[in-house]
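Let me begin by presenting the structure, written as structure tokens, before commenting on it.
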Amino acid sequence: MSLIFSLPSILEESKKEYEAIKAGAGSGRPFFPVEQVNDKAGTSPNLLAQGDNLSLIQYLMREKDLRGKLRLVYMDPPFYSKASYDAVIRLGSSKIPETASIKPLAYEDHWKAGAADYLRMLCVRLFLAQDLLAEDGCCWVHLDWHAVHYVKILMDVIFGEQNFVNEIIWNYKSGGTGKRSFSRKHDTLLFYGKTRNHYFHPLQEKSYNRGYKPYCFKGVQEYEDELGWYTLVNMKDVWQIDMVGRTSAERTGYATQKPEQLLRQIVESCTRPGDLCADFFGGSGTLAAAAQSLGRHWISCDMGGIAMACGLRRLARKNSSFTVLRTQPDPCGDALEVDVELGQPRNTDETQVTIILRSYHGQMDQIKLKNEDRRVIDTFLEQDPLQLLAYWSVDLHYDGKIHRPDIFFAAEKEKVQTACVCRGRDINKISVRAVDVFGGATLKVLNISEQAQNF
């Protein structure tokens with residue numbers, strides 16, 4: 001039987017689950033703020049969350065009171081492709097001759113109960129996303145040929161046919177070719193307003209004149225570039241944007257990473273500076289990166305550890321202010337070996353603190369890796385384990401609750417800095433937080449009050 005006949009029951013079951021959640025039945029797993037990057041006071045609304053997005057949505061509604069306050073919800077869920085997707089992680093070290101690449105599993109797009117199970121998952125989140133949106137907000141869902149036709153029907157019901165705005169075709173050059181079909185070189189983005197009064201700012205694009213020659217029409221502003229003469233027109237619903245290339249500066253190595261230009265066009269057209277945007281299938285944090293660049297606030301969530309490591313490194317490099325949320329506090333222990341040296345610079349009452357990372361013993365036994373990749377990781381664990389870190393940071397005044405770093409370091413060009421010097425007053429307890437390339441986090445707490453008294 002065709003799946004089309006199951007859509008009414010999928011909608012009904014999803015709505016029942018949504019209404020139960022809305023009524024307070026189950027609150028999902030709690031989220032803990034574990035780190036506040038560039039945000040000592042904790043005032044930034046930007047959130048980078050690792051965990052199930054359904055639990056996060058409930059957290060946003062009940063703990064953050066964000067119902068009706070988001071201007072944009074963008075969803076780039078699995079496409080129901082029935083495939084698995086690997087990330088590409090590059091590792092380098094001065095102690096190991098060659099740069100290595102490994103391909104761990106980033107996420108799986110398999111559904112044991114089939115398409116109905118996939119659509120129910122998405123449908124519940126669409127109902128909840130609608131509640132989070134402001135009256136002039138909008139929702140974008142990014143899919144491809146596998147399920148977009150079914151999802152459009154569901155969104156017509158949830159948001160209303162009258163609130164459908166656009167079907168955007170993202171056309172690109174990359175991708176596979178087939179011998180029994182035309183090459184599939186596009187994704188589809190469904191754009192709905194919460195109401196017919198959704199905010200929208202038209203963007204413009206170049207429209208080249210025939211023959212690239214000037215028209216010289218009265219009242220028509222024309223421009224010239226290296227190709228020839230053009231006018232500016234409102235952007236059409238087919239977007240030609242290249243995928244993130246292998247040598248691109250924005251490439252994170254995360255599977256199915258989307259280009260920032262694509263997300264910038266969405267954010268710029270549907271939000272104002274200062275608005276709050278959310279991506280509940282955040283991947284490597286492209287929506288957050290685009291929103292940050294355009295002066296918008298953002299929320300990004302993903303379950304995967306690799307996604308968290310990519311997003312944390314990427315957004316820290318942008319000097320963003322944000323809170324890291326996890327469903328459990330960071331484990332404290334001896335996974336990270338750290339030396340601390342204190343000094344007293346002349347003509348100051350500050351204490352100089354030198355932090356030196358000595359080693360890292362992350363729990364990587366449970367990471368699914370191919371045999372050759374496991375050998376690479378074992379080599380790094382033995383010879384230079386610190387180069388398995390994606391990010392680390394230092395809080396000179398740890399309060400025992402939330403790590404608020406004074407300084408942080410994100411891996412650059414496959415290598416991470418392993419020592420730093422910083423200064424502060426009244427230093428009593430220092431915390432060092434580290435996140436490895438698989439998303440494993442650890443917190444090292446150093447009580448140095450007795451040492452500090454000697455200065």
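Naming works like this for the structure tokens: A, B, ... for the chains as they're shown, residue 1 at the start of each chain, ligands 1 onward in shown order.
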
Per-residue DSSP, stretch 168-237 of chain A, filtered to strand (DSSP E or B), as number ranges by chain
A: 168-171, 186-193, 204-208, 223-224, 229-234

Pull the closest atom pair for each residue of stretch 10-83 of chain A that gets at most 12 Å from stretch 406-414 of chain A, along with the distance in Å to one decimal, counting only C-alpha atoms, ordering rows by chain and then ascending residue number, as CSV.
residue,atom,partner,partner_atom,distance
A:Glu35,CA,A:Phe408,CA,11.3
A:Gln36,CA,A:Asp406,CA,10.1
A:Val37,CA,A:Phe408,CA,8.4
A:Asn38,CA,A:Asp406,CA,7.8
A:Asp39,CA,A:Asp406,CA,9.6
A:Lys40,CA,A:Asp406,CA,8.6

Return as a tab-separated table the residues of stretch 57-88 of chain A lying at most 12 Å from stretch 353-374 of chain A, together with the closest atom-to-atom pair for each and the distance in Å to one decimal, counting only C-alpha atoms, with rows in chain order and ascending residue number.
residue	atom	partner	partner_atom	distance
A:Asp86	CA	A:Leu369	CA	10.2
A:Ala87	CA	A:Leu369	CA	11.2
A:Val88	CA	A:Asp373	CA	10.9

Can I get the selected residues back with N, CA, C and O atoms, as a PDB file, in the first residue's frame?
ATOM      1  N   ASP A  86      29.884   9.221   6.807  1.00  0.00           N
ATOM      2  CA  ASP A  86      31.147   9.354   7.536  1.00  0.00           C
ATOM      3  C   ASP A  86      31.601  10.807   7.566  1.00  0.00           C
ATOM      4  O   ASP A  86      31.382  11.558   6.617  1.00  0.00           O
ATOM      5  N   ALA A  87      32.243  11.168   8.661  1.00  0.00           N
ATOM      6  CA  ALA A  87      32.968  12.436   8.717  1.00  0.00           C
ATOM      7  C   ALA A  87      34.399  12.176   8.266  1.00  0.00           C
ATOM      8  O   ALA A  87      34.862  11.031   8.234  1.00  0.00           O
ATOM      9  N   VAL A  88      35.092  13.245   7.910  1.00  0.00           N
ATOM     10  CA  VAL A  88      36.517  13.146   7.591  1.00  0.00           C
ATOM     11  C   VAL A  88      37.270  13.982   8.607  1.00  0.00           C
ATOM     12  O   VAL A  88      37.084  15.196   8.687  1.00  0.00           O
TER      13      VAL A  88
END

Please report, as a Markdown table, each residue of stretch 384-447 of chain A lying at most 12 Å from stretch 95-102 of chain A, together with the nearest pair of atoms and the separation in Å rounded to one decimal; use only C-alpha atoms, and order rows by chain and ascending residue number.
| residue | atom | partner | partner_atom | distance |
| --- | --- | --- | --- | --- |
| A:Asp384 | CA | A:Lys95 | CA | 6.7 |
| A:Pro385 | CA | A:Lys95 | CA | 10.4 |
| A:Leu386 | CA | A:Lys95 | CA | 11.2 |
| A:Gln387 | CA | A:Lys95 | CA | 10.0 |
| A:Leu388 | CA | A:Ala100 | CA | 11.4 |
| A:Lys413 | CA | A:Thr99 | CA | 10.2 |
| A:Glu414 | CA | A:Thr99 | CA | 8.1 |
| A:Lys415 | CA | A:Thr99 | CA | 9.9 |
| A:Val437 | CA | A:Ile102 | CA | 10.8 |
| A:Phe438 | CA | A:Ile102 | CA | 11.3 |

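Nearest to A:Leu7 of all the residues A:Arg120, A:Arg246, A:His201, A:Arg272 is A:Arg120, counting only C-alpha atoms.
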
Applying 12 Å and only C-alpha atoms, which residues near A:Ile168 remain after dropping the ones on its own chain fewer than 6 positions away? List them as a list in words.
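In the requested form, the answer reads Trp140, Val141, His142, Leu143, Asp144, Val148, His186, Asp187, Thr188, Leu189, Leu190, Phe191, Tyr192, Met235, Lys236, Asp237, Val238, Trp239, Gln240, Leu262, Gln265 and Ile266 of chain A.
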
A:Thr327 environment, 12 Å, only C-alpha atoms, sequence neighbours closer than 6 positions dropped, as a VMD selection string:
chain A and resid 28 to 34 48 to 53 55 to 56 59 301 to 303

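Residues in contact with A:Gly114 at up to 12 Å, not including ones fewer than 5 positions away on its chain and judged by only C-alpha atoms, are Leu3, Ser6, Tyr80, Ser81, Lys82, Asp109, Leu119, Arg120, Met121 and Ala147 of chain A.
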
Could the residues in this selection be written to a file with all heavy atoms, as a PDB file, in the first residue's frame?
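Resulting contents of selection.pdb:
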ATOM      1  N   LEU A   3       2.448   4.806   0.727  1.00  0.00           N
ATOM      2  CA  LEU A   3       2.602   5.559   1.971  1.00  0.00           C
ATOM      3  C   LEU A   3       1.603   6.705   2.061  1.00  0.00           C
ATOM      4  O   LEU A   3       1.252   7.151   3.160  1.00  0.00           O
ATOM      5  CB  LEU A   3       4.033   6.094   2.060  1.00  0.00           C
ATOM      6  CG  LEU A   3       4.436   6.821   3.338  1.00  0.00           C
ATOM      7  CD1 LEU A   3       4.331   5.914   4.551  1.00  0.00           C
ATOM      8  CD2 LEU A   3       5.851   7.368   3.213  1.00  0.00           C
ATOM      9  N   SER A   6      -1.107   6.350   4.475  1.00  0.00           N
ATOM     10  CA  SER A   6      -0.739   6.343   5.896  1.00  0.00           C
ATOM     11  C   SER A   6      -0.574   7.742   6.465  1.00  0.00           C
ATOM     12  O   SER A   6      -0.450   7.890   7.686  1.00  0.00           O
ATOM     13  CB  SER A   6       0.571   5.560   6.085  1.00  0.00           C
ATOM     14  OG  SER A   6       0.449   4.239   5.645  1.00  0.00           O
ATOM     15  N   TYR A  80      16.038  10.429   4.801  1.00  0.00           N
ATOM     16  CA  TYR A  80      15.465   9.107   4.569  1.00  0.00           C
ATOM     17  C   TYR A  80      16.148   8.448   3.365  1.00  0.00           C
ATOM     18  O   TYR A  80      15.538   7.888   2.472  1.00  0.00           O
ATOM     19  CB  TYR A  80      13.941   9.158   4.363  1.00  0.00           C
ATOM     20  CG  TYR A  80      13.306   7.784   4.386  1.00  0.00           C
ATOM     21  CD1 TYR A  80      13.343   6.998   5.533  1.00  0.00           C
ATOM     22  CD2 TYR A  80      12.704   7.261   3.243  1.00  0.00           C
ATOM     23  CE1 TYR A  80      12.786   5.732   5.542  1.00  0.00           C
ATOM     24  CE2 TYR A  80      12.141   5.994   3.239  1.00  0.00           C
ATOM     25  CZ  TYR A  80      12.193   5.228   4.398  1.00  0.00           C
ATOM     26  OH  TYR A  80      11.645   3.984   4.414  1.00  0.00           O
ATOM     27  N   SER A  81      17.473   8.520   3.404  1.00  0.00           N
ATOM     28  CA  SER A  81      18.263   7.962   2.308  1.00  0.00           C
ATOM     29  C   SER A  81      18.630   6.500   2.533  1.00  0.00           C
ATOM     30  O   SER A  81      19.134   5.845   1.624  1.00  0.00           O
ATOM     31  CB  SER A  81      19.551   8.770   2.154  1.00  0.00           C
ATOM     32  OG  SER A  81      20.334   8.656   3.336  1.00  0.00           O
ATOM     33  N   LYS A  82      18.415   6.012   3.753  1.00  0.00           N
ATOM     34  CA  LYS A  82      18.760   4.639   4.149  1.00  0.00           C
ATOM     35  C   LYS A  82      20.255   4.391   3.994  1.00  0.00           C
ATOM     36  O   LYS A  82      20.687   3.297   3.621  1.00  0.00           O
ATOM     37  CB  LYS A  82      17.963   3.635   3.323  1.00  0.00           C
ATOM     38  CG  LYS A  82      16.463   3.845   3.369  1.00  0.00           C
ATOM     39  CD  LYS A  82      15.738   2.866   2.454  1.00  0.00           C
ATOM     40  CE  LYS A  82      14.265   3.204   2.357  1.00  0.00           C
ATOM     41  NZ  LYS A  82      13.551   2.296   1.424  1.00  0.00           N
ATOM     42  N   ASP A 109      21.219   7.132   8.675  1.00  0.00           N
ATOM     43  CA  ASP A 109      19.885   7.516   8.222  1.00  0.00           C
ATOM     44  C   ASP A 109      19.104   6.243   7.905  1.00  0.00           C
ATOM     45  O   ASP A 109      18.613   6.053   6.795  1.00  0.00           O
ATOM     46  CB  ASP A 109      20.019   8.431   6.992  1.00  0.00           C
ATOM     47  CG  ASP A 109      18.694   9.047   6.583  1.00  0.00           C
ATOM     48  OD1 ASP A 109      17.698   8.855   7.299  1.00  0.00           O
ATOM     49  OD2 ASP A 109      18.664   9.723   5.541  1.00  0.00           O
ATOM     50  N   LEU A 119       8.678   9.895   9.169  1.00  0.00           N
ATOM     51  CA  LEU A 119       7.776  11.034   9.046  1.00  0.00           C
ATOM     52  C   LEU A 119       7.146  11.415  10.386  1.00  0.00           C
ATOM     53  O   LEU A 119       6.925  12.598  10.653  1.00  0.00           O
ATOM     54  CB  LEU A 119       6.684  10.727   8.014  1.00  0.00           C
ATOM     55  CG  LEU A 119       7.179  10.610   6.565  1.00  0.00           C
ATOM     56  CD1 LEU A 119       6.047  10.155   5.651  1.00  0.00           C
ATOM     57  CD2 LEU A 119       7.769  11.916   6.068  1.00  0.00           C
ATOM     58  N   ARG A 120       6.870  10.432  11.227  1.00  0.00           N
ATOM     59  CA  ARG A 120       6.354  10.747  12.574  1.00  0.00           C
ATOM     60  C   ARG A 120       7.388  11.539  13.368  1.00  0.00           C
ATOM     61  O   ARG A 120       7.054  12.495  14.070  1.00  0.00           O
ATOM     62  CB  ARG A 120       5.974   9.465  13.317  1.00  0.00           C
ATOM     63  CG  ARG A 120       4.583   8.954  13.030  1.00  0.00           C
ATOM     64  CD  ARG A 120       4.171   7.861  13.993  1.00  0.00           C
ATOM     65  NE  ARG A 120       4.994   6.671  13.818  1.00  0.00           N
ATOM     66  CZ  ARG A 120       4.698   5.663  13.002  1.00  0.00           C
ATOM     67  NH1 ARG A 120       3.583   5.719  12.260  1.00  0.00           N
ATOM     68  NH2 ARG A 120       5.485   4.621  12.894  1.00  0.00           N
ATOM     69  N   MET A 121       8.649  11.127  13.292  1.00  0.00           N
ATOM     70  CA  MET A 121       9.719  11.841  13.983  1.00  0.00           C
ATOM     71  C   MET A 121       9.736  13.308  13.575  1.00  0.00           C
ATOM     72  O   MET A 121       9.757  14.223  14.407  1.00  0.00           O
ATOM     73  CB  MET A 121      11.057  11.186  13.648  1.00  0.00           C
ATOM     74  CG  MET A 121      12.299  11.877  14.210  1.00  0.00           C
ATOM     75  SD  MET A 121      12.923  13.337  13.267  1.00  0.00           S
ATOM     76  CE  MET A 121      13.374  12.586  11.698  1.00  0.00           C
ATOM     77  N   ALA A 147      11.983  12.138   0.313  1.00  0.00           N
ATOM     78  CA  ALA A 147      10.770  12.292   1.132  1.00  0.00           C
ATOM     79  C   ALA A 147      10.139  13.666   1.065  1.00  0.00           C
ATOM     80  O   ALA A 147       9.138  13.907   1.738  1.00  0.00           O
ATOM     81  CB  ALA A 147      11.101  11.957   2.594  1.00  0.00           C
TER      82      ALA A 147
END

Find the residues near A:Val244: any atom within 7 Å, counting only C-alpha atoms, skip ones fewer than 4 places away on the same chain, and give them as a list in words.
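Listing them by chain and then by number gives Ser248, Arg251, Lys258 and Pro259 of chain A.
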
With N, CA and C atoms kept, could you save the residues just selected as a PDB file, in the first residue's frame?
ATOM      1  N   SER A 248      38.074  24.232   0.763  1.00  0.00           N
ATOM      2  CA  SER A 248      37.418  25.442   1.254  1.00  0.00           C
ATOM      3  C   SER A 248      37.807  25.726   2.703  1.00  0.00           C
ATOM      4  N   ARG A 251      35.400  24.367   5.344  1.00  0.00           N
ATOM      5  CA  ARG A 251      35.180  22.920   5.420  1.00  0.00           C
ATOM      6  C   ARG A 251      35.555  22.387   6.800  1.00  0.00           C
ATOM      7  N   LYS A 258      26.616  21.814   4.799  1.00  0.00           N
ATOM      8  CA  LYS A 258      26.025  22.752   3.853  1.00  0.00           C
ATOM      9  C   LYS A 258      26.866  24.033   3.794  1.00  0.00           C
ATOM     10  N   PRO A 259      26.883  24.724   2.646  1.00  0.00           N
ATOM     11  CA  PRO A 259      27.680  25.947   2.515  1.00  0.00           C
ATOM     12  C   PRO A 259      27.056  27.106   3.288  1.00  0.00           C
TER      13      PRO A 259
END

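With only C-alpha atoms as the atoms that count, the residue of A:Glu382, A:Gly42, A:Ile241, A:Gly295 with the shortest distance to A:Pro405 is A:Gly42.
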
Within 8 Å of A:Ala307, counting only C-alpha atoms, which residues show up once you throw out same-chain ones fewer than 5 positions away? Write them as a list in words, please.
Ala106, Tyr254, Gly282, Gly283, Ser284, Gly285, Asp302 and Gly439 of chain A

Among the residues of stretch 174-349 of chain A, find those DSSP assigns to helix (DSSP H, G or I) from the backbone and print them as an MDAnalysis selection string.
chainID A and resid 210:212 260:270 286:293 305:317

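Across the model, the gap from atom CA of A:Lys429 to atom CA of A:Leu342 is 12.7 Å.
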